[in-house]
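Okay, query_19.pdb is below, PDB, C-alpha atoms:
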ATOM      1  CA  MET A   1       0.000   0.000   0.000
ATOM      2  CA  THR A   2       0.942   3.643  -0.449
ATOM      3  CA  PRO A   3      -0.423   6.798   1.258
ATOM      4  CA  GLY A   4      -2.747   8.840  -0.928
ATOM      5  CA  VAL A   5      -4.959  11.902  -0.731
ATOM      6  CA  PHE A   6      -7.834  13.676  -2.473
ATOM      7  CA  ALA A   7      -6.526  16.514  -4.624
ATOM      8  CA  ARG A   8      -9.509  18.576  -3.397
ATOM      9  CA  THR A   9      -7.899  18.666   0.059
ATOM     10  CA  TYR A  10      -5.637  21.420  -1.264
ATOM     11  CA  ALA A  11      -6.551  25.021  -2.037
ATOM     12  CA  SER A  12      -3.948  25.174  -4.785
ATOM     13  CA  THR A  13      -4.836  23.850  -8.226
ATOM     14  CA  TYR A  14      -3.179  22.657 -11.402
ATOM     15  CA  PRO A  15      -1.376  24.341 -13.066
ATOM     16  CA  GLY A  16       0.433  25.568 -10.005
ATOM     17  CA  ASP A  17       2.051  24.000  -6.981
ATOM     18  CA  LEU A  18      -0.687  21.445  -6.235
ATOM     19  CA  PHE A  19       1.362  18.344  -6.937
ATOM     20  CA  THR A  20       4.504  19.781  -5.344
ATOM     21  CA  ARG A  21       2.575  20.381  -2.109
ATOM     22  CA  ILE A  22       1.034  16.921  -2.118
ATOM     23  CA  CYS A  23       4.421  15.274  -2.576
ATOM     24  CA  ALA A  24       6.070  17.471   0.045
ATOM     25  CA  ASP A  25       3.396  16.506   2.577
ATOM     26  CA  GLY A  26       4.341  12.843   2.204
ATOM     27  CA  PHE A  27       1.732  11.376  -0.130
ATOM     28  CA  SER A  28       2.573   9.303  -3.184
ATOM     29  CA  SER A  29      -0.878   8.743  -4.717
ATOM     30  CA  VAL A  30      -3.659  11.176  -5.659
ATOM     31  CA  GLN A  31      -7.358  10.755  -6.313
ATOM     32  CA  PHE A  32      -7.933  13.607  -8.718
ATOM     33  CA  ASN A  33     -10.987  15.752  -9.364
ATOM     34  CA  LEU A  34     -11.173  17.973 -12.435
ATOM     35  CA  SER A  35     -12.195  20.838 -10.140
ATOM     36  CA  SER A  36      -8.558  20.786  -8.991
ATOM     37  CA  ALA A  37      -7.623  21.898 -12.492
ATOM     38  CA  GLY A  38     -10.120  24.749 -12.572
ATOM     39  CA  LEU A  39     -12.781  22.782 -14.454
ATOM     40  CA  ALA A  40     -16.229  21.692 -13.393
ATOM     41  CA  PRO A  41     -16.209  18.190 -11.831
ATOM     42  CA  LEU A  42     -18.411  17.147 -14.768
ATOM     43  CA  PRO A  43     -17.198  19.548 -17.462
ATOM     44  CA  GLU A  44     -19.394  20.442 -20.426
ATOM     45  CA  THR A  45     -16.246  20.485 -22.540
ATOM     46  CA  LEU A  46     -12.766  19.094 -22.026
ATOM     47  CA  PRO A  47     -10.051  21.475 -23.242
ATOM     48  CA  ASP A  48      -7.645  19.833 -25.656
ATOM     49  CA  GLY A  49      -4.523  18.502 -24.004
ATOM     50  CA  ILE A  50      -5.394  19.397 -20.420
ATOM     51  CA  ALA A  51      -5.729  15.816 -19.208
ATOM     52  CA  ALA A  52      -2.338  14.844 -20.600
ATOM     53  CA  ARG A  53      -0.767  17.932 -19.010
ATOM     54  CA  ILE A  54      -2.246  17.055 -15.616
ATOM     55  CA  ALA A  55      -0.847  13.541 -15.899
ATOM     56  CA  LEU A  56       2.583  14.899 -16.814
ATOM     57  CA  GLY A  57       2.504  17.325 -13.885
ATOM     58  CA  ALA A  58       1.788  14.510 -11.463
ATOM     59  CA  LYS A  59       4.494  12.317 -12.944
ATOM     60  CA  GLU A  60       7.079  15.081 -12.759
ATOM     61  CA  ALA A  61       6.247  15.513  -9.060
ATOM     62  CA  GLY A  62       6.727  11.792  -8.468
ATOM     63  CA  LEU A  63       3.032  11.108  -7.858
ATOM     64  CA  SER A  64       0.700   8.396  -9.096
ATOM     65  CA  LEU A  65      -2.842   9.330 -10.154
ATOM     66  CA  CYS A  66      -4.843   6.437  -8.730
ATOM     67  CA  ALA A  67      -8.388   7.553  -9.595
ATOM     68  CA  LEU A  68     -10.461  10.310 -11.147
ATOM     69  CA  SER A  69     -13.763  11.398  -9.630
ATOM     70  CA  GLY A  70     -16.808  11.081 -11.877
ATOM     71  CA  THR A  71     -19.447  11.476  -9.191
ATOM     72  CA  TYR A  72     -22.960  12.590 -10.009
ATOM     73  CA  ASN A  73     -26.339  11.678  -8.547
ATOM     74  CA  MET A  74     -27.050   8.382 -10.262
ATOM     75  CA  ALA A  75     -30.323   8.023  -8.362
ATOM     76  CA  HIS A  76     -31.582  11.580  -8.881
ATOM     77  CA  PRO A  77     -35.403  11.577  -8.966
ATOM     78  CA  ASP A  78     -35.412  13.699 -12.144
ATOM     79  CA  SER A  79     -34.414  11.516 -15.089
ATOM     80  CA  SER A  80     -33.728  14.599 -17.228
ATOM     81  CA  GLN A  81     -31.093  15.718 -14.695
ATOM     82  CA  ARG A  82     -29.414  12.333 -14.878
ATOM     83  CA  THR A  83     -29.402  12.610 -18.666
ATOM     84  CA  ARG A  84     -27.776  16.052 -18.510
ATOM     85  CA  ASP A  85     -25.102  14.758 -16.143
ATOM     86  CA  ARG A  86     -24.203  11.993 -18.553
ATOM     87  CA  ALA A  87     -22.551  14.418 -20.970
ATOM     88  CA  GLY A  88     -20.175  15.727 -18.311
ATOM     89  CA  PHE A  89     -19.517  12.223 -17.066
ATOM     90  CA  LYS A  90     -18.472  11.176 -20.550
ATOM     91  CA  ASN A  91     -15.910  13.992 -20.534
ATOM     92  CA  VAL A  92     -14.575  12.677 -17.221
ATOM     93  CA  MET A  93     -14.182   9.252 -18.795
ATOM     94  CA  ARG A  94     -12.374  10.780 -21.753
ATOM     95  CA  ALA A  95     -10.103  12.685 -19.374
ATOM     96  CA  ALA A  96      -9.304   9.516 -17.434
ATOM     97  CA  ARG A  97      -8.221   7.754 -20.591
ATOM     98  CA  GLU A  98      -6.030  10.691 -21.620
ATOM     99  CA  MET A  99      -4.553  10.855 -18.102
ATOM    100  CA  ASP A 100      -3.852   7.113 -18.189
ATOM    101  CA  VAL A 101      -5.933   6.713 -15.012
ATOM    102  CA  SER A 102      -7.772   3.405 -15.128
ATOM    103  CA  LEU A 103     -10.281   3.999 -12.298
ATOM    104  CA  VAL A 104     -13.196   6.455 -12.289
ATOM    105  CA  THR A 105     -15.119   6.723  -9.020
ATOM    106  CA  LEU A 106     -18.898   7.060  -8.856
ATOM    107  CA  CYS A 107     -21.652   8.109  -6.450
ATOM    108  CA  THR A 108     -24.585   5.698  -6.316
ATOM    109  CA  GLY A 109     -26.722   8.661  -5.388
ATOM    110  CA  SER A 110     -29.765   9.581  -3.375
ATOM    111  CA  ARG A 111     -33.381  10.466  -4.104
ATOM    112  CA  ASP A 112     -32.602  13.739  -2.364
ATOM    113  CA  ALA A 113     -32.639  16.122  -5.328
ATOM    114  CA  SER A 114     -30.437  18.745  -3.697
ATOM    115  CA  ASN A 115     -27.707  16.627  -2.075
ATOM    116  CA  MET A 116     -26.497  13.353  -3.558
ATOM    117  CA  TRP A 117     -24.790  12.382  -0.294
ATOM    118  CA  ARG A 118     -27.837  12.828   1.949
ATOM    119  CA  ALA A 119     -30.085   9.930   2.939
ATOM    120  CA  HIS A 120     -33.683   9.893   1.719
ATOM    121  CA  PRO A 121     -36.601   7.616   2.670
ATOM    122  CA  GLU A 122     -36.969   6.545  -0.967
ATOM    123  CA  ASN A 123     -33.361   5.401  -1.366
ATOM    124  CA  SER A 124     -34.481   1.836  -0.687
ATOM    125  CA  SER A 125     -37.311   1.986  -3.243
ATOM    126  CA  SER A 126     -37.456   0.015  -6.476
ATOM    127  CA  ASP A 127     -37.497   3.289  -8.427
ATOM    128  CA  ALA A 128     -34.201   4.357  -6.873
ATOM    129  CA  TRP A 129     -32.632   0.985  -7.614
ATOM    130  CA  SER A 130     -33.886   1.086 -11.200
ATOM    131  CA  ALA A 131     -32.502   4.589 -11.739
ATOM    132  CA  LEU A 132     -29.108   3.600 -10.366
ATOM    133  CA  ARG A 133     -28.950   0.433 -12.447
ATOM    134  CA  GLY A 134     -29.759   2.386 -15.584
ATOM    135  CA  GLU A 135     -26.938   4.835 -14.909
ATOM    136  CA  LEU A 136     -24.506   2.027 -14.110
ATOM    137  CA  ASP A 137     -25.372   0.308 -17.375
ATOM    138  CA  PHE A 138     -24.669   3.568 -19.212
ATOM    139  CA  ALA A 139     -21.406   4.067 -17.314
ATOM    140  CA  LEU A 140     -20.272   0.517 -17.998
ATOM    141  CA  THR A 141     -20.866   1.007 -21.709
ATOM    142  CA  LEU A 142     -18.485   3.968 -21.558
ATOM    143  CA  ALA A 143     -16.037   1.940 -19.494
ATOM    144  CA  GLU A 144     -15.885  -0.578 -22.330
ATOM    145  CA  GLU A 145     -15.446   2.192 -24.888
ATOM    146  CA  PHE A 146     -12.614   3.878 -22.985
ATOM    147  CA  ASN A 147     -11.125   0.703 -21.460
ATOM    148  CA  LEU A 148     -11.586   1.863 -17.866
ATOM    149  CA  VAL A 149     -12.973   0.471 -14.620
ATOM    150  CA  LEU A 150     -15.540   2.045 -12.286
ATOM    151  CA  GLY A 151     -15.611   2.124  -8.496
ATOM    152  CA  ILE A 152     -18.727   2.543  -6.360
ATOM    153  CA  GLU A 153     -18.478   3.367  -2.671
ATOM    154  CA  PRO A 154     -20.977   2.172  -0.056
ATOM    155  CA  GLU A 155     -22.225   5.380   1.595
ATOM    156  CA  PRO A 156     -24.853   5.546   4.380
ATOM    157  CA  GLY A 157     -26.760   8.300   2.565
ATOM    158  CA  ASN A 158     -26.767   6.555  -0.811
ATOM    159  CA  VAL A 159     -28.757   3.821  -2.517
ATOM    160  CA  ILE A 160     -25.758   1.518  -2.003
ATOM    161  CA  ALA A 161     -25.650   2.129   1.721
ATOM    162  CA  ASP A 162     -23.668  -0.880   2.971
ATOM    163  CA  ALA A 163     -21.556  -3.857   1.995
ATOM    164  CA  ARG A 164     -24.503  -6.181   1.394
ATOM    165  CA  LEU A 165     -26.119  -3.810  -1.090
ATOM    166  CA  ALA A 166     -22.735  -3.327  -2.736
ATOM    167  CA  ARG A 167     -22.446  -7.077  -3.200
ATOM    168  CA  LYS A 168     -25.969  -7.197  -4.614
ATOM    169  CA  VAL A 169     -25.349  -4.555  -7.257
ATOM    170  CA  LEU A 170     -22.012  -6.097  -8.251
ATOM    171  CA  ASP A 171     -23.678  -9.456  -8.730
ATOM    172  CA  GLU A 172     -26.528  -7.951 -10.746
ATOM    173  CA  ALA A 173     -24.243  -5.900 -12.977
ATOM    174  CA  GLY A 174     -21.981  -8.876 -13.565
ATOM    175  CA  SER A 175     -19.126  -6.805 -14.980
ATOM    176  CA  LYS A 176     -15.430  -7.062 -14.183
ATOM    177  CA  ARG A 177     -15.258  -3.337 -14.927
ATOM    178  CA  LEU A 178     -17.322  -2.539 -11.823
ATOM    179  CA  GLY A 179     -15.749  -2.735  -8.379
ATOM    180  CA  ILE A 180     -15.677  -1.161  -4.944
ATOM    181  CA  VAL A 181     -14.123   1.855  -3.261
ATOM    182  CA  LEU A 182     -14.223   0.941   0.418
ATOM    183  CA  ASP A 183     -14.084   3.340   3.354
ATOM    184  CA  ALA A 184     -14.535   1.916   6.847
ATOM    185  CA  ALA A 185     -15.943   5.205   8.161
ATOM    186  CA  ASN A 186     -18.867   4.953   5.761
ATOM    187  CA  LEU A 187     -19.792   1.594   7.256
ATOM    188  CA  LEU A 188     -19.733   2.901  10.817
ATOM    189  CA  PRO A 189     -22.408   5.436  11.714
ATOM    190  CA  PRO A 190     -22.429   6.065  15.493
ATOM    191  CA  GLN A 191     -24.991   3.370  16.246
ATOM    192  CA  ALA A 192     -22.893   0.762  14.412
ATOM    193  CA  GLN A 193     -19.512   1.569  15.950
ATOM    194  CA  PRO A 194     -19.803  -0.953  18.808
ATOM    195  CA  ARG A 195     -19.942  -3.663  16.099
ATOM    196  CA  GLN A 196     -16.976  -2.244  14.179
ATOM    197  CA  ALA A 197     -14.941  -5.449  13.938
ATOM    198  CA  GLU A 198     -17.930  -7.486  12.808
ATOM    199  CA  ILE A 199     -18.962  -4.924  10.179
ATOM    200  CA  VAL A 200     -15.451  -4.568   8.729
ATOM    201  CA  ASP A 201     -15.034  -8.344   8.623
ATOM    202  CA  GLU A 202     -18.323  -8.723   6.752
ATOM    203  CA  ALA A 203     -17.326  -6.046   4.244
ATOM    204  CA  ALA A 204     -13.966  -7.714   3.670
ATOM    205  CA  ASP A 205     -15.605 -11.107   3.182
ATOM    206  CA  LEU A 206     -18.277  -9.792   0.809
ATOM    207  CA  LEU A 207     -16.201  -7.329  -1.183
ATOM    208  CA  GLY A 208     -12.563  -8.336  -0.771
ATOM    209  CA  GLY A 209     -12.281  -9.751  -4.261
ATOM    210  CA  SER A 210     -13.736  -6.600  -5.825
ATOM    211  CA  LEU A 211     -11.706  -3.805  -4.216
ATOM    212  CA  PHE A 212     -10.433  -1.186  -6.652
ATOM    213  CA  LEU A 213      -9.517   1.452  -4.051
ATOM    214  CA  VAL A 214      -9.487   1.858  -0.261
ATOM    215  CA  HIS A 215     -10.128   5.120   1.587
ATOM    216  CA  ALA A 216      -8.996   6.099   5.085
ATOM    217  CA  LYS A 217     -11.510   8.637   6.342
ATOM    218  CA  ASP A 218     -11.947   8.868  10.118
ATOM    219  CA  ILE A 219     -14.912   9.919  12.257
ATOM    220  CA  ASP A 220     -15.467  10.449  15.955
ATOM    221  CA  HIS A 221     -18.099   8.723  18.102
ATOM    222  CA  ASP A 222     -20.705  11.257  16.945
ATOM    223  CA  GLY A 223     -19.993  10.647  13.277
ATOM    224  CA  VAL A 224     -18.100  13.917  12.780
ATOM    225  CA  VAL A 225     -15.227  13.634  10.308
ATOM    226  CA  VAL A 226     -11.753  14.129  11.810
ATOM    227  CA  PRO A 227      -8.219  13.627  10.446
ATOM    228  CA  ALA A 228      -7.189   9.996  10.062
ATOM    229  CA  GLY A 229      -5.986   8.557  13.349
ATOM    230  CA  LYS A 230      -7.906  11.059  15.491
ATOM    231  CA  GLY A 231     -11.276   9.323  15.589
ATOM    232  CA  ALA A 232     -13.163   6.149  16.389
ATOM    233  CA  VAL A 233     -12.281   4.116  13.288
ATOM    234  CA  ASP A 234      -9.746   1.374  13.990
ATOM    235  CA  LEU A 235      -7.753   2.114  10.868
ATOM    236  CA  PRO A 236      -4.774  -0.174  11.677
ATOM    237  CA  THR A 237      -7.112  -3.159  11.933
ATOM    238  CA  PHE A 238      -9.006  -2.045   8.828
ATOM    239  CA  VAL A 239      -5.768  -1.819   6.846
ATOM    240  CA  ALA A 240      -4.696  -5.245   8.073
ATOM    241  CA  ARG A 241      -8.057  -6.696   7.041
ATOM    242  CA  MET A 242      -7.799  -5.141   3.581
ATOM    243  CA  LYS A 243      -4.343  -6.631   3.163
ATOM    244  CA  SER A 244      -5.653 -10.001   4.280
ATOM    245  CA  VAL A 245      -8.001 -10.098   1.284
ATOM    246  CA  GLY A 246      -5.209  -9.156  -1.106
ATOM    247  CA  TYR A 247      -5.530  -5.380  -1.424
ATOM    248  CA  GLU A 248      -2.179  -3.636  -1.933
ATOM    249  CA  GLY A 249      -3.188  -0.420  -3.684
ATOM    250  CA  PRO A 250      -3.299   3.173  -2.411
ATOM    251  CA  LEU A 251      -4.782   4.093   0.965
ATOM    252  CA  VAL A 252      -6.431   7.445   0.290
ATOM    253  CA  GLY A 253      -7.117   9.892   3.100
ATOM    254  CA  HIS A 254      -9.665  12.672   2.734
ATOM    255  CA  ASN A 255     -12.087  15.088   4.437
ATOM    256  CA  PHE A 256      -9.532  16.939   6.535
ATOM    257  CA  GLU A 257      -8.002  20.398   6.377
ATOM    258  CA  GLU A 258      -4.923  21.014   4.262
ATOM    259  CA  ALA A 259      -3.013  21.972   7.431
ATOM    260  CA  ASP A 260      -3.576  18.419   8.704
ATOM    261  CA  ALA A 261      -2.205  16.796   5.541
ATOM    262  CA  PRO A 262       1.397  16.169   6.683
ATOM    263  CA  GLY A 263       0.187  14.515   9.877
ATOM    264  CA  VAL A 264      -2.293  12.341   7.980
ATOM    265  CA  ALA A 265       0.379  11.261   5.506
ATOM    266  CA  LYS A 266       2.701  10.319   8.358
ATOM    267  CA  TYR A 267      -0.066   8.385  10.114
ATOM    268  CA  LEU A 268      -1.118   6.490   6.991
ATOM    269  CA  SER A 269       2.500   5.612   6.253
ATOM    270  CA  SER A 270       2.940   4.334   9.795
ATOM    271  CA  ILE A 271      -0.058   1.998   9.719
ATOM    272  CA  ILE A 272       0.828   0.776   6.244
ATOM    273  CA  GLY A 273       4.359   0.023   7.392
ATOM    274  CA  SER A 274       3.229  -1.724  10.558
ATOM    275  CA  GLN A 275       1.261  -4.342   8.631
ATOM    276  CA  VAL A 276       2.830  -7.448   7.160
ATOM    277  CA  SER A 277       1.718  -8.168   3.601
TER
END

Written as structure tokens, how would this file's structure read?
Amino acid sequence: MTPGVFARTYASTYPGDLFTRICADGFSSVQFNLSSAGLAPLPETLPDGIAARIALGAKEAGLSLCALSGTYNMAHPDSSQRTRDRAGFKNVMRAAREMDVSLVTLCTGSRDASNMWRAHPENSSSDAWSALRGELDFALTLAEEFNLVLGIEPEPGNVIADARLARKVLDEAGSKRLGIVLDAANLLPPQAQPRQAEIVDEAADLLGGSLFLVHAKDIDHDGVVVPAGKGAVDLPTFVARMKSVGYEGPLVGHNFEEADAPGVAKYLSSIIGSQVS
């Protein structure tokens, strides 16, 4: 494993000193978002050559681009909004190919029309599932076209809210181009934290063979996000469990202030180094 970070953690953008700062803070992998290059996350147009220049900038700084964010609300209740988002998503896929980044990350969405990360009573409905499946089918068609893979992340506010639902959608989709981005914090709302070991073990057992990326977000006992190593998530055990099912890719920290980045990088490196492959 290697320590990674969301590019959006940093106020600086590309072109500029973004990659230099990330490297100096101790990270070696980056999950990129096109907003970190001054574009919309789902851009209406992709300027010629920009993706290749971003990739070169990362390489020159000694960084690996491990994923590109393609998140939009795949369960949005308005089908016309989902259709509009598809055009920008296709530009993300094109950018990923030009950046030589194989993984594009997705949001399985919410029926909340204003916030794709917020839970909604209808997220468990058949309509929500149908909307998500339709968007995944579209995304997988693009993945074939651009020779990429897609990662969905179980999120408590999304249609795919836990490891069991993640396993269900993987089995239904039946594509080797669809896999999982796993973050222990997203499996551990406050009421579930007493069962942390059991929940992480279940996720590893259900999803271990389908992991495309692992995140290292941390939360406190109230569910408030804190820098990795400062909260209630047993990240050393989580990392060990991920290694036990064969994951050796980047460990990507996120949702902390830029000032906390050096400490997070040091912490992630320490728990990676303390585990035996």

Selection as a PDB file with C-alpha atoms, in the coordinates of the input: residues within 7 Å of (-19.8, 9.0, -11.8), counting all atoms listed in the file:
ATOM      1  CA  SER A  69     -13.763  11.398  -9.630  1.00  0.00           C
ATOM      2  CA  GLY A  70     -16.808  11.081 -11.877  1.00  0.00           C
ATOM      3  CA  THR A  71     -19.447  11.476  -9.191  1.00  0.00           C
ATOM      4  CA  TYR A  72     -22.960  12.590 -10.009  1.00  0.00           C
ATOM      5  CA  PHE A  89     -19.517  12.223 -17.066  1.00  0.00           C
ATOM      6  CA  THR A 105     -15.119   6.723  -9.020  1.00  0.00           C
ATOM      7  CA  LEU A 106     -18.898   7.060  -8.856  1.00  0.00           C
ATOM      8  CA  CYS A 107     -21.652   8.109  -6.450  1.00  0.00           C
TER       9      CYS A 107
END

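Going from atom CA of A:Asp162 to atom CA of A:Gly229 covers 22.6 Å.
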
If the PyMOL selection byres ((chain A and resi 204) around 10) is run on the structure shown, which residues does it catch, given as number ranges by chain? A: 163, 182, 198-203, 205-211, 238, 241-245

Give me, as a PyMOL selection string, all polymer residues having an atom no more than 12 Å from A:Ile54, counting all atoms listed in the file and skipping those fewer than 4 positions away in the same chain. chain A and resi 7+13-19+30+32-38+47-50+58-61+63-65+68+95-96+98-101

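The spacing separating atom CA of A:Thr108 from atom CA of A:Val224 amounts to 21.8 Å.
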
Within 12 Å of A:Glu248 using only C-alpha atoms, minus same-chain residues under 6 positions, as a VMD selection string: chain A and resid 1 to 3 208 211 to 214 239 to 242 272 to 273 275 to 277

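Closest approach to A:Lys90 among A:Gly109, A:Gly174, A:Pro43, A:Pro77: A:Pro43, based on all atoms listed in the file.
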
Could you produce a table of the residues of stretch 63-104 of chain A lying within 10 Å of stretch 129-132 of chain A, with the nearest pair of atoms per residue and their separation in Å rounded to one decimal, using all atoms listed in the file, ordered by chain and increasing residue number, as CSV?
residue,atom,partner,partner_atom,distance
A:Asn73,CA,A:Leu132,CA,8.7
A:Met74,CA,A:Leu132,CA,5.2
A:Ala75,CA,A:Leu132,CA,5.0
A:His76,CA,A:Ala131,CA,7.6
A:Pro77,CA,A:Ala131,CA,8.1
A:Asp78,CA,A:Ala131,CA,9.6
A:Ser79,CA,A:Ala131,CA,7.9
A:Arg82,CA,A:Ala131,CA,8.9

Taking C-alpha atoms for each residue, export the selection above as an mmCIF file, keeping the file's coordinate frame.
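The resulting again33.cif:
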data_model
loop_
_atom_site.group_PDB
_atom_site.id
_atom_site.type_symbol
_atom_site.label_atom_id
_atom_site.label_comp_id
_atom_site.auth_asym_id
_atom_site.auth_seq_id
_atom_site.Cartn_x
_atom_site.Cartn_y
_atom_site.Cartn_z
ATOM 1 C CA ASN A 73 -26.339 11.678 -8.547
ATOM 2 C CA MET A 74 -27.050 8.382 -10.262
ATOM 3 C CA ALA A 75 -30.323 8.023 -8.362
ATOM 4 C CA HIS A 76 -31.582 11.580 -8.881
ATOM 5 C CA PRO A 77 -35.403 11.577 -8.966
ATOM 6 C CA ASP A 78 -35.412 13.699 -12.144
ATOM 7 C CA SER A 79 -34.414 11.516 -15.089
ATOM 8 C CA ARG A 82 -29.414 12.333 -14.878
#

Written as an MDAnalysis selection string, which residues does the PyMOL selection byres ((chain A and resi 153-155) around 6) give for the file shown? chainID A and resid 152 156:158 160:162 180:182 186

Report the distance between atom CA of A:Ala51 and atom CA of A:Lys176 in Å, rounded to one decimal place. 25.4 Å

Using the structure block above, produce a file of stretch 135-203 of chain A that contains C-alpha atoms, as a CSV table (one decimal), in the first residue's frame.
chain,number,residue,atom,x,y,z
A,135,GLU,CA,-26.9,4.8,-14.9
A,136,LEU,CA,-24.5,2.0,-14.1
A,137,ASP,CA,-25.4,0.3,-17.4
A,138,PHE,CA,-24.7,3.6,-19.2
A,139,ALA,CA,-21.4,4.1,-17.3
A,140,LEU,CA,-20.3,0.5,-18.0
A,141,THR,CA,-20.9,1.0,-21.7
A,142,LEU,CA,-18.5,4.0,-21.6
A,143,ALA,CA,-16.0,1.9,-19.5
A,144,GLU,CA,-15.9,-0.6,-22.3
A,145,GLU,CA,-15.4,2.2,-24.9
A,146,PHE,CA,-12.6,3.9,-23.0
A,147,ASN,CA,-11.1,0.7,-21.5
A,148,LEU,CA,-11.6,1.9,-17.9
A,149,VAL,CA,-13.0,0.5,-14.6
A,150,LEU,CA,-15.5,2.0,-12.3
A,151,GLY,CA,-15.6,2.1,-8.5
A,152,ILE,CA,-18.7,2.5,-6.4
A,153,GLU,CA,-18.5,3.4,-2.7
A,154,PRO,CA,-21.0,2.2,-0.1
A,155,GLU,CA,-22.2,5.4,1.6
A,156,PRO,CA,-24.9,5.5,4.4
A,157,GLY,CA,-26.8,8.3,2.6
A,158,ASN,CA,-26.8,6.6,-0.8
A,159,VAL,CA,-28.8,3.8,-2.5
A,160,ILE,CA,-25.8,1.5,-2.0
A,161,ALA,CA,-25.6,2.1,1.7
A,162,ASP,CA,-23.7,-0.9,3.0
A,163,ALA,CA,-21.6,-3.9,2.0
A,164,ARG,CA,-24.5,-6.2,1.4
A,165,LEU,CA,-26.1,-3.8,-1.1
A,166,ALA,CA,-22.7,-3.3,-2.7
A,167,ARG,CA,-22.4,-7.1,-3.2
A,168,LYS,CA,-26.0,-7.2,-4.6
A,169,VAL,CA,-25.3,-4.6,-7.3
A,170,LEU,CA,-22.0,-6.1,-8.3
A,171,ASP,CA,-23.7,-9.5,-8.7
A,172,GLU,CA,-26.5,-8.0,-10.7
A,173,ALA,CA,-24.2,-5.9,-13.0
A,174,GLY,CA,-22.0,-8.9,-13.6
A,175,SER,CA,-19.1,-6.8,-15.0
A,176,LYS,CA,-15.4,-7.1,-14.2
A,177,ARG,CA,-15.3,-3.3,-14.9
A,178,LEU,CA,-17.3,-2.5,-11.8
A,179,GLY,CA,-15.7,-2.7,-8.4
A,180,ILE,CA,-15.7,-1.2,-4.9
A,181,VAL,CA,-14.1,1.9,-3.3
A,182,LEU,CA,-14.2,0.9,0.4
A,183,ASP,CA,-14.1,3.3,3.4
A,184,ALA,CA,-14.5,1.9,6.8
A,185,ALA,CA,-15.9,5.2,8.2
A,186,ASN,CA,-18.9,5.0,5.8
A,187,LEU,CA,-19.8,1.6,7.3
A,188,LEU,CA,-19.7,2.9,10.8
A,189,PRO,CA,-22.4,5.4,11.7
A,190,PRO,CA,-22.4,6.1,15.5
A,191,GLN,CA,-25.0,3.4,16.2
A,192,ALA,CA,-22.9,0.8,14.4
A,193,GLN,CA,-19.5,1.6,16.0
A,194,PRO,CA,-19.8,-1.0,18.8
A,195,ARG,CA,-19.9,-3.7,16.1
A,196,GLN,CA,-17.0,-2.2,14.2
A,197,ALA,CA,-14.9,-5.4,13.9
A,198,GLU,CA,-17.9,-7.5,12.8
A,199,ILE,CA,-19.0,-4.9,10.2
A,200,VAL,CA,-15.5,-4.6,8.7
A,201,ASP,CA,-15.0,-8.3,8.6
A,202,GLU,CA,-18.3,-8.7,6.8
A,203,ALA,CA,-17.3,-6.0,4.2
